[in-house]
$ cat protein_15.pdb   # PDB, C-alpha atoms
ATOM      1  CA  MET A  70     -18.738  26.664  -2.720
ATOM      2  CA  VAL A  71     -15.982  24.602  -4.202
ATOM      3  CA  ASN A  72     -17.322  22.318  -6.858
ATOM      4  CA  ILE A  73     -16.305  18.845  -5.733
ATOM      5  CA  TYR A  74     -17.815  17.307  -8.835
ATOM      6  CA  LYS A  75     -15.150  19.046 -10.858
ATOM      7  CA  PHE A  76     -12.518  16.758  -9.316
ATOM      8  CA  ALA A  77     -14.601  13.703 -10.101
ATOM      9  CA  SER A  78     -13.684  14.250 -13.739
ATOM     10  CA  PRO A  79     -10.587  12.282 -14.816
ATOM     11  CA  ALA A  80      -9.389  15.224 -16.913
ATOM     12  CA  THR A  81      -9.213  17.587 -13.904
ATOM     13  CA  PHE A  82      -8.015  14.953 -11.465
ATOM     14  CA  TYR A  83      -5.107  13.823 -13.659
ATOM     15  CA  PRO A  84      -2.887  16.906 -13.064
ATOM     16  CA  VAL A  85      -4.009  17.213  -9.417
ATOM     17  CA  ALA A  86      -3.022  13.585  -8.781
ATOM     18  CA  GLY A  87       0.389  14.322 -10.270
ATOM     19  CA  LYS A  88       0.956  17.256  -7.918
ATOM     20  CA  ILE A  89      -0.177  15.407  -4.782
ATOM     21  CA  ALA A  90       1.910  12.366  -5.758
ATOM     22  CA  ARG A  91       5.031  14.499  -6.146
ATOM     23  CA  VAL A  92       4.594  16.094  -2.704
ATOM     24  CA  SER A  93       3.822  12.672  -1.150
ATOM     25  CA  THR A  94       6.965  11.221  -2.673
ATOM     26  CA  TRP A  95       9.131  13.827  -0.944
ATOM     27  CA  ILE A  96       7.305  13.385   2.352
ATOM     28  CA  ALA A  97       7.736   9.592   2.089
ATOM     29  CA  VAL A  98      11.470   9.835   1.338
ATOM     30  CA  LEU A  99      12.033  12.270   4.186
ATOM     31  CA  LEU A 100       9.993  10.305   6.739
ATOM     32  CA  LEU A 101      11.556   6.994   5.675
ATOM     33  CA  ALA A 102      15.032   8.440   6.177
ATOM     34  CA  VAL A 103      14.156   9.769   9.634
ATOM     35  CA  GLY A 104      12.139   6.652  10.535
ATOM     36  CA  LEU A 105      14.864   4.206   9.510
ATOM     37  CA  TYR A 106      17.500   6.193  11.362
ATOM     38  CA  MET A 107      15.362   6.142  14.492
ATOM     39  CA  SER A 108      14.522   2.439  14.030
ATOM     40  CA  PHE A 109      18.176   1.431  14.200
ATOM     41  CA  PHE A 110      20.065   4.161  16.039
ATOM     42  CA  VAL A 111      17.680   5.977  18.341
ATOM     43  CA  ALA A 112      15.181   3.389  19.576
ATOM     44  CA  PRO A 113      16.758   1.436  22.468
ATOM     45  CA  THR A 114      17.237  -2.334  22.634
ATOM     46  CA  ASP A 115      14.171  -4.091  24.018
ATOM     47  CA  TYR A 116      14.679  -5.680  27.421
ATOM     48  CA  LYS A 117      12.863  -8.870  26.392
ATOM     49  CA  GLN A 118      13.349  -9.274  22.643
ATOM     50  CA  GLY A 119      16.757  -7.627  22.229
ATOM     51  CA  GLU A 120      17.351  -6.226  18.735
ATOM     52  CA  GLY A 121      14.815  -8.612  17.225
ATOM     53  CA  TYR A 122      11.892  -6.379  18.149
ATOM     54  CA  ARG A 123      12.999  -3.745  15.582
ATOM     55  CA  ILE A 124      10.900  -5.612  13.024
ATOM     56  CA  ILE A 125       7.922  -3.889  14.675
ATOM     57  CA  PHE A 126       8.851  -0.628  12.937
ATOM     58  CA  ILE A 127       7.811  -2.062   9.568
ATOM     59  CA  HIS A 128       5.485  -4.856  10.678
ATOM     60  CA  VAL A 129       2.902  -2.693  12.439
ATOM     61  CA  PRO A 130       2.837   0.173   9.886
ATOM     62  CA  ALA A 131       2.460  -2.350   7.037
ATOM     63  CA  ALA A 132      -0.306  -4.215   8.871
ATOM     64  CA  TRP A 133      -2.159  -0.964   9.605
ATOM     65  CA  MET A 134      -1.812   0.154   5.976
ATOM     66  CA  SER A 135      -2.995  -3.238   4.691
ATOM     67  CA  MET A 136      -6.296  -2.777   6.535
ATOM     68  CA  PHE A 137      -6.616   0.959   5.918
ATOM     69  CA  ILE A 138      -5.997   0.712   2.167
ATOM     70  CA  TYR A 139      -8.630  -2.005   1.947
ATOM     71  CA  VAL A 140     -11.228   0.196   3.659
ATOM     72  CA  VAL A 141     -10.398   3.145   1.371
ATOM     73  CA  MET A 142     -10.602   0.855  -1.671
ATOM     74  CA  ALA A 143     -13.954  -0.570  -0.583
ATOM     75  CA  PHE A 144     -15.180   3.004  -0.009
ATOM     76  CA  TRP A 145     -14.219   4.129  -3.526
ATOM     77  CA  ALA A 146     -15.571   0.950  -5.064
ATOM     78  CA  GLY A 147     -18.847   1.486  -3.203
ATOM     79  CA  VAL A 148     -19.051   5.099  -4.400
ATOM     80  CA  GLY A 149     -18.379   3.895  -7.939
ATOM     81  CA  LEU A 150     -21.066   1.258  -7.645
ATOM     82  CA  VAL A 151     -23.728   3.642  -6.317
ATOM     83  CA  PHE A 152     -22.998   6.844  -8.245
ATOM     84  CA  ASN A 153     -21.433   5.265 -11.318
ATOM     85  CA  THR A 154     -18.458   7.608 -11.116
ATOM     86  CA  ARG A 155     -15.631   6.330 -13.266
ATOM     87  CA  LEU A 156     -12.850   7.926 -11.266
ATOM     88  CA  SER A 157     -13.740   6.229  -7.973
ATOM     89  CA  SER A 158     -13.505   2.800  -9.577
ATOM     90  CA  MET A 159     -10.132   3.772 -11.023
ATOM     91  CA  MET A 160      -8.962   4.790  -7.530
ATOM     92  CA  ALA A 161     -10.014   1.406  -6.147
ATOM     93  CA  GLN A 162      -8.100  -0.306  -8.924
ATOM     94  CA  ALA A 163      -5.013   1.831  -8.349
ATOM     95  CA  LEU A 164      -4.880   1.050  -4.631
ATOM     96  CA  ALA A 165      -5.131  -2.738  -4.982
ATOM     97  CA  PRO A 166      -1.488  -3.642  -5.799
ATOM     98  CA  THR A 167      -0.174  -1.360  -3.040
ATOM     99  CA  GLY A 168      -2.597  -2.889  -0.554
ATOM    100  CA  ALA A 169      -1.554  -6.380  -1.596
ATOM    101  CA  ILE A 170       2.113  -5.458  -1.132
ATOM    102  CA  MET A 171       1.449  -3.988   2.321
ATOM    103  CA  THR A 172      -0.404  -7.170   3.302
ATOM    104  CA  PHE A 173       2.463  -9.280   2.011
ATOM    105  CA  ILE A 174       4.976  -7.200   3.992
ATOM    106  CA  ALA A 175       2.872  -7.592   7.146
ATOM    107  CA  LEU A 176       2.737 -11.388   6.673
ATOM    108  CA  TRP A 177       6.389 -11.703   5.700
ATOM    109  CA  THR A 178       7.787  -9.598   8.538
ATOM    110  CA  GLY A 179       5.354 -11.363  10.862
ATOM    111  CA  ALA A 180       6.852 -14.717   9.867
ATOM    112  CA  PHE A 181      10.377 -13.366  10.366
ATOM    113  CA  TRP A 182       9.368 -12.086  13.757
ATOM    114  CA  GLY A 183       7.410 -15.174  14.768
ATOM    115  CA  LYS A 184      10.246 -17.578  14.052
ATOM    116  CA  PRO A 185      12.692 -16.263  16.688
ATOM    117  CA  MET A 186      10.033 -15.279  19.249
ATOM    118  CA  TRP A 187       7.445 -18.072  18.966
ATOM    119  CA  GLY A 188       9.588 -20.709  17.315
ATOM    120  CA  ALA A 189       7.381 -20.946  14.220
ATOM    121  CA  TRP A 190       7.280 -19.118  10.882
ATOM    122  CA  TRP A 191       3.542 -19.601  10.691
ATOM    123  CA  VAL A 192       0.687 -20.702  12.954
ATOM    124  CA  TRP A 193      -2.994 -20.946  12.045
ATOM    125  CA  ASP A 194      -3.912 -18.326  14.563
ATOM    126  CA  ALA A 195      -6.953 -16.036  14.124
ATOM    127  CA  ARG A 196      -4.902 -12.863  13.494
ATOM    128  CA  LEU A 197      -2.559 -14.495  11.002
ATOM    129  CA  THR A 198      -5.279 -16.396   9.191
ATOM    130  CA  SER A 199      -7.560 -13.374   8.776
ATOM    131  CA  GLU A 200      -4.625 -11.312   7.480
ATOM    132  CA  LEU A 201      -3.892 -14.093   4.977
ATOM    133  CA  ILE A 202      -7.538 -13.932   3.871
ATOM    134  CA  LEU A 203      -7.058 -10.185   3.351
ATOM    135  CA  PHE A 204      -4.140 -10.973   1.051
ATOM    136  CA  PHE A 205      -6.345 -13.361  -0.947
ATOM    137  CA  LEU A 206      -9.054 -10.680  -1.156
ATOM    138  CA  TYR A 207      -6.561  -8.275  -2.743
ATOM    139  CA  ILE A 208      -5.301 -10.943  -5.152
ATOM    140  CA  GLY A 209      -8.885 -12.002  -5.909
ATOM    141  CA  PHE A 210      -9.888  -8.405  -6.682
ATOM    142  CA  ILE A 211      -6.919  -7.898  -9.008
ATOM    143  CA  ALA A 212      -7.541 -11.232 -10.764
ATOM    144  CA  LEU A 213     -11.276 -10.555 -11.128
ATOM    145  CA  GLN A 214     -10.699  -7.105 -12.635
ATOM    146  CA  GLY A 215      -8.141  -8.552 -14.998
ATOM    147  CA  ALA A 216     -10.416 -11.391 -16.071
ATOM    148  CA  ILE A 217     -13.359  -9.225 -17.208
ATOM    149  CA  ASP A 218     -12.813  -7.333 -20.445
ATOM    150  CA  ASP A 219     -15.698  -4.887 -20.110
ATOM    151  CA  THR A 220     -14.384  -2.212 -17.703
ATOM    152  CA  ARG A 221     -17.806  -1.257 -16.370
ATOM    153  CA  ARG A 222     -18.638  -4.843 -15.509
ATOM    154  CA  ALA A 223     -15.168  -5.424 -14.072
ATOM    155  CA  ASP A 224     -15.602  -2.382 -11.812
ATOM    156  CA  ARG A 225     -18.989  -3.557 -10.600
ATOM    157  CA  ALA A 226     -17.878  -7.132  -9.941
ATOM    158  CA  GLY A 227     -14.756  -5.889  -8.153
ATOM    159  CA  ALA A 228     -16.798  -3.503  -6.014
ATOM    160  CA  VAL A 229     -19.125  -6.282  -4.879
ATOM    161  CA  LEU A 230     -16.159  -8.473  -3.936
ATOM    162  CA  LEU A 231     -14.541  -5.612  -1.995
ATOM    163  CA  LEU A 232     -17.726  -4.693  -0.138
ATOM    164  CA  VAL A 233     -18.400  -8.279   0.902
ATOM    165  CA  GLY A 234     -14.787  -8.633   2.033
ATOM    166  CA  VAL A 235     -15.018  -5.606   4.342
ATOM    167  CA  VAL A 236     -16.383  -8.016   6.972
ATOM    168  CA  ASN A 237     -12.852  -9.328   7.301
ATOM    169  CA  ILE A 238     -11.411  -6.009   8.515
ATOM    170  CA  PRO A 239     -13.027  -5.919  11.988
ATOM    171  CA  ILE A 240     -12.267  -9.646  12.244
ATOM    172  CA  ILE A 241      -8.560  -8.937  11.742
ATOM    173  CA  TYR A 242      -8.609  -5.991  14.115
ATOM    174  CA  PHE A 243     -10.468  -7.657  16.973
ATOM    175  CA  SER A 244      -9.157 -11.196  16.397
ATOM    176  CA  VAL A 245      -6.650 -10.853  19.229
ATOM    177  CA  LYS A 246      -9.521  -9.998  21.587
ATOM    178  CA  TRP A 247     -12.174 -12.422  20.355
ATOM    179  CA  TRP A 248     -10.001 -15.500  20.201
ATOM    180  CA  ASN A 249      -7.156 -16.898  22.195
ATOM    181  CA  THR A 250      -4.296 -16.113  19.892
ATOM    182  CA  LEU A 251      -0.553 -16.467  19.929
ATOM    183  CA  HIS A 252      -0.343 -13.013  18.385
ATOM    184  CA  GLN A 253       0.004 -10.382  21.064
ATOM    185  CA  GLY A 254      -2.767  -7.875  21.708
ATOM    186  CA  ALA A 255      -2.692  -4.269  20.560
ATOM    187  CA  SER A 256       0.197  -2.282  22.017
ATOM    188  CA  VAL A 257      -1.431   0.941  20.919
ATOM    189  CA  SER A 258      -5.127   1.562  21.380
ATOM    190  CA  ILE A 259      -7.398   4.582  21.428
ATOM    191  CA  LYS A 260      -8.850   3.630  24.801
ATOM    192  CA  ASN A 261      -5.754   2.603  26.701
ATOM    193  CA  GLY A 262      -3.119   4.688  24.995
ATOM    194  CA  SER A 263       0.240   3.105  24.403
ATOM    195  CA  ALA A 264       1.999   0.345  26.302
ATOM    196  CA  MET A 265       5.267   1.117  24.511
ATOM    197  CA  SER A 266       8.056   3.468  25.455
ATOM    198  CA  THR A 267       7.638   6.951  23.979
ATOM    199  CA  ILE A 268      10.627   6.768  21.643
ATOM    200  CA  MET A 269       9.545   3.377  20.256
ATOM    201  CA  LEU A 270       6.033   4.675  19.707
ATOM    202  CA  GLN A 271       7.303   7.835  17.997
ATOM    203  CA  THR A 272       9.489   5.769  15.673
ATOM    204  CA  MET A 273       6.581   3.501  14.813
ATOM    205  CA  LEU A 274       4.323   6.468  14.090
ATOM    206  CA  ILE A 275       6.914   8.128  11.859
ATOM    207  CA  MET A 276       7.267   4.864   9.926
ATOM    208  CA  THR A 277       3.473   4.654   9.698
ATOM    209  CA  PHE A 278       3.254   8.143   8.170
ATOM    210  CA  ALA A 279       6.114   7.236   5.838
ATOM    211  CA  PHE A 280       4.223   4.150   4.610
ATOM    212  CA  TRP A 281       1.128   6.293   4.316
ATOM    213  CA  ALA A 282       2.851   8.896   2.148
ATOM    214  CA  TYR A 283       4.456   6.123   0.094
ATOM    215  CA  SER A 284       1.071   4.483  -0.542
ATOM    216  CA  ILE A 285      -0.551   7.774  -1.561
ATOM    217  CA  ALA A 286       2.295   8.561  -3.945
ATOM    218  CA  VAL A 287       2.391   5.142  -5.626
ATOM    219  CA  ALA A 288      -1.397   4.832  -5.874
ATOM    220  CA  LEU A 289      -1.770   8.295  -7.391
ATOM    221  CA  TYR A 290       1.027   7.718  -9.915
ATOM    222  CA  ARG A 291      -0.689   4.448 -10.806
ATOM    223  CA  VAL A 292      -4.138   6.035 -11.124
ATOM    224  CA  ARG A 293      -2.672   8.482 -13.652
ATOM    225  CA  SER A 294      -1.716   5.555 -15.880
ATOM    226  CA  ILE A 295      -5.128   3.958 -15.381
ATOM    227  CA  ILE A 296      -6.835   7.236 -16.340
ATOM    228  CA  LEU A 297      -4.743   7.419 -19.529
ATOM    229  CA  GLU A 298      -5.434   3.774 -20.378
ATOM    230  CA  ARG A 299      -9.164   4.220 -19.989
ATOM    231  CA  GLU A 300      -9.456   7.682 -21.555
ATOM    232  CA  LYS A 301      -6.995   7.147 -24.386
ATOM    233  CA  ASP A 302      -9.479   8.285 -27.020
ATOM    234  CA  ALA A 303     -10.410  11.493 -25.200
ATOM    235  CA  ARG A 304      -9.354  14.782 -26.710
ATOM    236  CA  TRP A 305      -7.731  16.116 -23.515
ATOM    237  CA  VAL A 306      -5.421  13.098 -23.421
ATOM    238  CA  SER A 307      -4.191  13.697 -26.968
ATOM    239  CA  GLU A 308      -3.447  17.318 -26.028
ATOM    240  CA  LEU A 309      -1.259  16.466 -22.994
ATOM    241  CA  PRO A 310       2.306  17.790 -23.220
ATOM    242  CA  GLU A 311       3.741  14.368 -22.245
ATOM    243  CA  ILE A 312       2.250  12.747 -25.361
ATOM    244  CA  ARG A 313       4.743  12.913 -28.218
ATOM    245  CA  ARG A 314       3.219  13.456 -31.626
TER     246      ARG A 314
ATOM    247  CA  MET B   8      28.616   3.908  18.937
ATOM    248  CA  LYS B   9      28.754   0.152  18.470
ATOM    249  CA  SER B  10      31.043  -1.434  15.909
ATOM    250  CA  VAL B  11      29.754  -2.002  12.389
ATOM    251  CA  SER B  12      29.813  -5.812  12.586
ATOM    252  CA  GLU B  13      28.016  -5.650  15.906
ATOM    253  CA  PHE B  14      25.363  -3.494  14.272
ATOM    254  CA  PHE B  15      24.831  -5.927  11.400
ATOM    255  CA  SER B  16      24.660  -8.949  13.712
ATOM    256  CA  MET B  17      21.590  -7.370  15.410
ATOM    257  CA  GLY B  18      22.277  -9.214  18.654
ATOM    258  CA  GLY B  19      21.880 -12.585  16.940
ATOM    259  CA  TYR B  20      18.692 -11.610  15.104
ATOM    260  CA  ALA B  21      20.444 -10.636  11.855
ATOM    261  CA  LEU B  22      18.526 -13.096   9.623
ATOM    262  CA  TYR B  23      15.164 -11.977  10.980
ATOM    263  CA  VAL B  24      15.741  -8.232  11.127
ATOM    264  CA  TRP B  25      17.519  -7.974   7.751
ATOM    265  CA  GLY B  26      15.201 -10.536   6.193
ATOM    266  CA  SER B  27      12.286  -8.293   7.146
ATOM    267  CA  PHE B  28      13.776  -4.912   6.267
ATOM    268  CA  GLY B  29      15.479  -6.264   3.142
ATOM    269  CA  VAL B  30      12.373  -7.718   1.534
ATOM    270  CA  THR B  31      10.336  -4.639   2.480
ATOM    271  CA  ALA B  32      12.943  -2.358   0.900
ATOM    272  CA  LEU B  33      13.061  -4.530  -2.208
ATOM    273  CA  LEU B  34       9.290  -4.393  -2.677
ATOM    274  CA  MET B  35       9.179  -0.634  -2.072
ATOM    275  CA  ILE B  36      11.836  -0.178  -4.762
ATOM    276  CA  ILE B  37      10.295  -2.573  -7.295
ATOM    277  CA  GLU B  38       6.743  -1.208  -7.022
ATOM    278  CA  PRO B  39       7.602   2.384  -8.068
ATOM    279  CA  ILE B  40       9.714   1.001 -10.946
ATOM    280  CA  LEU B  41       6.740  -1.044 -12.188
ATOM    281  CA  VAL B  42       4.463   1.992 -11.856
ATOM    282  CA  HIS B  43       6.945   4.046 -13.861
ATOM    283  CA  GLN B  44       7.174   1.387 -16.584
ATOM    284  CA  ARG B  45       3.395   1.204 -16.842
ATOM    285  CA  ARG B  46       3.277   4.971 -17.380
ATOM    286  CA  LYS B  47       5.983   4.851 -20.050
ATOM    287  CA  ALA B  48       4.136   2.035 -21.846
ATOM    288  CA  VAL B  49       0.771   3.802 -21.852
ATOM    289  CA  LEU B  50       2.290   7.089 -23.042
ATOM    290  CA  GLN B  51       3.997   5.278 -25.909
ATOM    291  CA  ARG B  52       0.817   3.471 -26.860
ATOM    292  CA  ILE B  53      -1.221   6.668 -26.959
ATOM    293  CA  SER B  54       1.456   8.472 -28.992
ATOM    294  CA  ARG B  55       1.364   5.632 -31.510
ATOM    295  CA  LEU B  56      -2.433   5.664 -31.681
ATOM    296  CA  ILE B  57      -2.436   9.396 -32.372
ATOM    297  CA  ARG B  58       0.228   9.057 -35.078
ATOM    298  CA  ILE B  59      -1.753   6.290 -36.802
ATOM    299  CA  LYS B  60      -4.907   8.374 -36.647
ATOM    300  CA  SER B  61      -3.260  11.465 -38.126
ATOM    301  CA  GLU B  62      -1.723   9.377 -40.929
ATOM    302  CA  GLN B  63      -5.146   7.978 -41.788
ATOM    303  CA  ASN B  64      -6.619  11.447 -41.922
ATOM    304  CA  SER B  65      -3.973  12.933 -44.202
TER     305      SER B  65
END
$ encode --input "protein_15.pdb" --output "structure tokens"
Amino acid sequence: MVNIYKFASPATFYPVAGKIARVSTWIAVLLLAVGLYMSFFVAPTDYKQGEGYRIIFIHVPAAWMSMFIYVVMAFWAGVGLVFNTRLSSMMAQALAPTGAIMTFIALWTGAFWGKPMWGAWWVWDARLTSELILFFLYIGFIALQGAIDDTRRADRAGAVLLLVGVVNIPIIYFSVKWWNTLHQGASVSIKNGSAMSTIMLQTMLIMTFAFWAYSIAVALYRVRSIILEREKDARWVSELPEIRR
Amino acid sequence: MKSVSEFFSMGGYALYVWGSFGVTALLMIIEPILVHQRRKAVLQRISRLIRIKSEQNS
């Protein structure tokens, strides 16, 4: 049996994270190139929204990632809280800025899409408001971790905040069903399949995987720095080839 | 293929389409730069710590 506990050690995870991050970077670059090309040159003009609909190719992937990253973060924070594993708390910390950026992109592109289509940059609609709350949860987590000097306590406090905030995720997801919202319903669902044309859906999925690979790469590069910051006194750190003596 | 200016005008949605893609691109360029700078800073700090320690020991 492969010893999974081995990878829970920062010293073993550090080089593994570097390798995965490097591969993810190449996948992200490749998929972004293909996805952007398809977004502008392959996907046809929409019959209702003209060229304006092309915002969907970043809006939806960013919105999906904003929710997904939060769930992954809450999972790692929960694992850290229960099993007291240092690495899982570091993972949660590393994901936070990327999640906040994805949430910001979803809100920003949403505003730039809402203005021409609805006539307003912002409305206090259930979907938009709950996504804004998600953004504040990310910012709150980052601020809370930064405000507590003792890392253990900061990890625990952050984990509690994240776990309480998980409630918001199904609210965001189902908001378009539960309330009467201006935001349109899901175009892609597990039950009903897709209401979009195949080429548009393919482009959106490629962009989603690109954002996914990007997030993995950035978060893993960031966790490497966090590991070094927290383990700076460890012997294995002082023996790394990248440390100049 | 359409003309270049026609492409950039995005059928009248230029501000919205480029405003969305532009800011997204900017953020996805800035974030990796910040991550890289953080790594450089922590590596430097650890190198300095080790140098100070070895000087104290000698």
$ residues_around --input "protein_15.pdb" --residues "range 290-302 of chain A" --least-positions-apart "2" --cutoff "6 Å" --atoms "only C-alpha atoms" --output "ChimeraX atom specification"
/A:83,163,287-288 /B:42,46
$ resolve_selection --input "protein_15.pdb" --expression "the ChimeraX specification (/B :<6) & /A" --output "VMD selection string"
chain A and resid 120 to 121 124 178 181 291 294 312 to 314
$ residues_around --input "protein_15.pdb" --residues "Val140 in chain A" --least-positions-apart "5" --cutoff "10 Å" --atoms "all atoms listed in the file" --output "ChimeraX atom specification"
/A:134-135,145-146,161,231-232,234-235,238
$ resolve_selection --input "protein_15.pdb" --expression "the PyMOL selection byres ((chain A and resi 114) around 12)" --output "list of chain:residue names"
A:Met107, A:Ser108, A:Phe109, A:Phe110, A:Val111, A:Ala112, A:Pro113, A:Asp115, A:Tyr116, A:Lys117, A:Gln118, A:Gly119, A:Glu120, A:Gly121, A:Tyr122, A:Arg123, A:Ile124, A:Ser266, A:Ile268, A:Met269, B:Phe14, B:Met17, B:Gly18
$ write_last_selection --input "protein_15.pdb" --atoms "C-alpha atoms" --output "PDB file, in the frame of the given file"
ATOM      1  CA  MET A 107      15.362   6.142  14.492  1.00  0.00           C
ATOM      2  CA  SER A 108      14.522   2.439  14.030  1.00  0.00           C
ATOM      3  CA  PHE A 109      18.176   1.431  14.200  1.00  0.00           C
ATOM      4  CA  PHE A 110      20.065   4.161  16.039  1.00  0.00           C
ATOM      5  CA  VAL A 111      17.680   5.977  18.341  1.00  0.00           C
ATOM      6  CA  ALA A 112      15.181   3.389  19.576  1.00  0.00           C
ATOM      7  CA  PRO A 113      16.758   1.436  22.468  1.00  0.00           C
ATOM      8  CA  ASP A 115      14.171  -4.091  24.018  1.00  0.00           C
ATOM      9  CA  TYR A 116      14.679  -5.680  27.421  1.00  0.00           C
ATOM     10  CA  LYS A 117      12.863  -8.870  26.392  1.00  0.00           C
ATOM     11  CA  GLN A 118      13.349  -9.274  22.643  1.00  0.00           C
ATOM     12  CA  GLY A 119      16.757  -7.627  22.229  1.00  0.00           C
ATOM     13  CA  GLU A 120      17.351  -6.226  18.735  1.00  0.00           C
ATOM     14  CA  GLY A 121      14.815  -8.612  17.225  1.00  0.00           C
ATOM     15  CA  TYR A 122      11.892  -6.379  18.149  1.00  0.00           C
ATOM     16  CA  ARG A 123      12.999  -3.745  15.582  1.00  0.00           C
ATOM     17  CA  ILE A 124      10.900  -5.612  13.024  1.00  0.00           C
ATOM     18  CA  SER A 266       8.056   3.468  25.455  1.00  0.00           C
ATOM     19  CA  ILE A 268      10.627   6.768  21.643  1.00  0.00           C
ATOM     20  CA  MET A 269       9.545   3.377  20.256  1.00  0.00           C
TER      21      MET A 269
ATOM     22  CA  PHE B  14      25.363  -3.494  14.272  1.00  0.00           C
ATOM     23  CA  MET B  17      21.590  -7.370  15.410  1.00  0.00           C
ATOM     24  CA  GLY B  18      22.277  -9.214  18.654  1.00  0.00           C
TER      25      GLY B  18
END
$ resolve_selection --input "protein_15.pdb" --expression "the PyMOL selection byres ((chain A and resi 279) around 10)" --output "list in words"
Ser93, Thr94, Trp95, Ile96, Ala97, Val98, Leu99, Leu100, Leu101, Ala102, Val103, Gly104, Leu105, Pro130, Met273, Leu274, Ile275, Met276, Thr277, Phe278, Phe280, Trp281, Ala282, Tyr283, Ser284 and Ile285 of chain A
$ atom_distance --input "protein_15.pdb" --atom1 "CA of Lys184 in chain A" --atom2 "CA of Ser12 in chain B"
22.9 Å
$ atom_distance --input "protein_15.pdb" --atom1 "CA of Gly227 in chain A" --atom2 "CA of Ser307 in chain A"
29.1 Å
$ atom_distance --input "protein_15.pdb" --atom1 "CA of Asn249 in chain A" --atom2 "CA of Trp193 in chain A"
11.7 Å
$ closest_residue --input "protein_15.pdb" --among "A:Trp177, A:Tyr106, A:Tyr242, A:Trp182" --to "Phe137 in chain A" --atoms "all atoms listed in the file"
A:Tyr242
$ residues_near_point --input "protein_15.pdb" --point "(2.9, -9.9, 5.8)" --cutoff "12 Å" --atoms "only C-alpha atoms" --output "PDB file with C-alpha atoms, in the frame of the given file"
ATOM      1  CA  ILE A 124      10.900  -5.612  13.024  1.00  0.00           C
ATOM      2  CA  ILE A 125       7.922  -3.889  14.675  1.00  0.00           C
ATOM      3  CA  ILE A 127       7.811  -2.062   9.568  1.00  0.00           C
ATOM      4  CA  HIS A 128       5.485  -4.856  10.678  1.00  0.00           C
ATOM      5  CA  VAL A 129       2.902  -2.693  12.439  1.00  0.00           C
ATOM      6  CA  PRO A 130       2.837   0.173   9.886  1.00  0.00           C
ATOM      7  CA  ALA A 131       2.460  -2.350   7.037  1.00  0.00           C
ATOM      8  CA  ALA A 132      -0.306  -4.215   8.871  1.00  0.00           C
ATOM      9  CA  TRP A 133      -2.159  -0.964   9.605  1.00  0.00           C
ATOM     10  CA  MET A 134      -1.812   0.154   5.976  1.00  0.00           C
ATOM     11  CA  SER A 135      -2.995  -3.238   4.691  1.00  0.00           C
ATOM     12  CA  MET A 136      -6.296  -2.777   6.535  1.00  0.00           C
ATOM     13  CA  GLY A 168      -2.597  -2.889  -0.554  1.00  0.00           C
ATOM     14  CA  ALA A 169      -1.554  -6.380  -1.596  1.00  0.00           C
ATOM     15  CA  ILE A 170       2.113  -5.458  -1.132  1.00  0.00           C
ATOM     16  CA  MET A 171       1.449  -3.988   2.321  1.00  0.00           C
ATOM     17  CA  THR A 172      -0.404  -7.170   3.302  1.00  0.00           C
ATOM     18  CA  PHE A 173       2.463  -9.280   2.011  1.00  0.00           C
ATOM     19  CA  ILE A 174       4.976  -7.200   3.992  1.00  0.00           C
ATOM     20  CA  ALA A 175       2.872  -7.592   7.146  1.00  0.00           C
ATOM     21  CA  LEU A 176       2.737 -11.388   6.673  1.00  0.00           C
ATOM     22  CA  TRP A 177       6.389 -11.703   5.700  1.00  0.00           C
ATOM     23  CA  THR A 178       7.787  -9.598   8.538  1.00  0.00           C
ATOM     24  CA  GLY A 179       5.354 -11.363  10.862  1.00  0.00           C
ATOM     25  CA  ALA A 180       6.852 -14.717   9.867  1.00  0.00           C
ATOM     26  CA  PHE A 181      10.377 -13.366  10.366  1.00  0.00           C
ATOM     27  CA  TRP A 182       9.368 -12.086  13.757  1.00  0.00           C
ATOM     28  CA  GLY A 183       7.410 -15.174  14.768  1.00  0.00           C
ATOM     29  CA  TRP A 190       7.280 -19.118  10.882  1.00  0.00           C
ATOM     30  CA  TRP A 191       3.542 -19.601  10.691  1.00  0.00           C
ATOM     31  CA  ARG A 196      -4.902 -12.863  13.494  1.00  0.00           C
ATOM     32  CA  LEU A 197      -2.559 -14.495  11.002  1.00  0.00           C
ATOM     33  CA  THR A 198      -5.279 -16.396   9.191  1.00  0.00           C
ATOM     34  CA  SER A 199      -7.560 -13.374   8.776  1.00  0.00           C
ATOM     35  CA  GLU A 200      -4.625 -11.312   7.480  1.00  0.00           C
ATOM     36  CA  LEU A 201      -3.892 -14.093   4.977  1.00  0.00           C
ATOM     37  CA  ILE A 202      -7.538 -13.932   3.871  1.00  0.00           C
ATOM     38  CA  LEU A 203      -7.058 -10.185   3.351  1.00  0.00           C
ATOM     39  CA  PHE A 204      -4.140 -10.973   1.051  1.00  0.00           C
ATOM     40  CA  PHE A 205      -6.345 -13.361  -0.947  1.00  0.00           C
TER      41      PHE A 205
ATOM     42  CA  SER B  27      12.286  -8.293   7.146  1.00  0.00           C
ATOM     43  CA  PHE B  28      13.776  -4.912   6.267  1.00  0.00           C
ATOM     44  CA  VAL B  30      12.373  -7.718   1.534  1.00  0.00           C
ATOM     45  CA  THR B  31      10.336  -4.639   2.480  1.00  0.00           C
ATOM     46  CA  LEU B  34       9.290  -4.393  -2.677  1.00  0.00           C
TER      47      LEU B  34
END
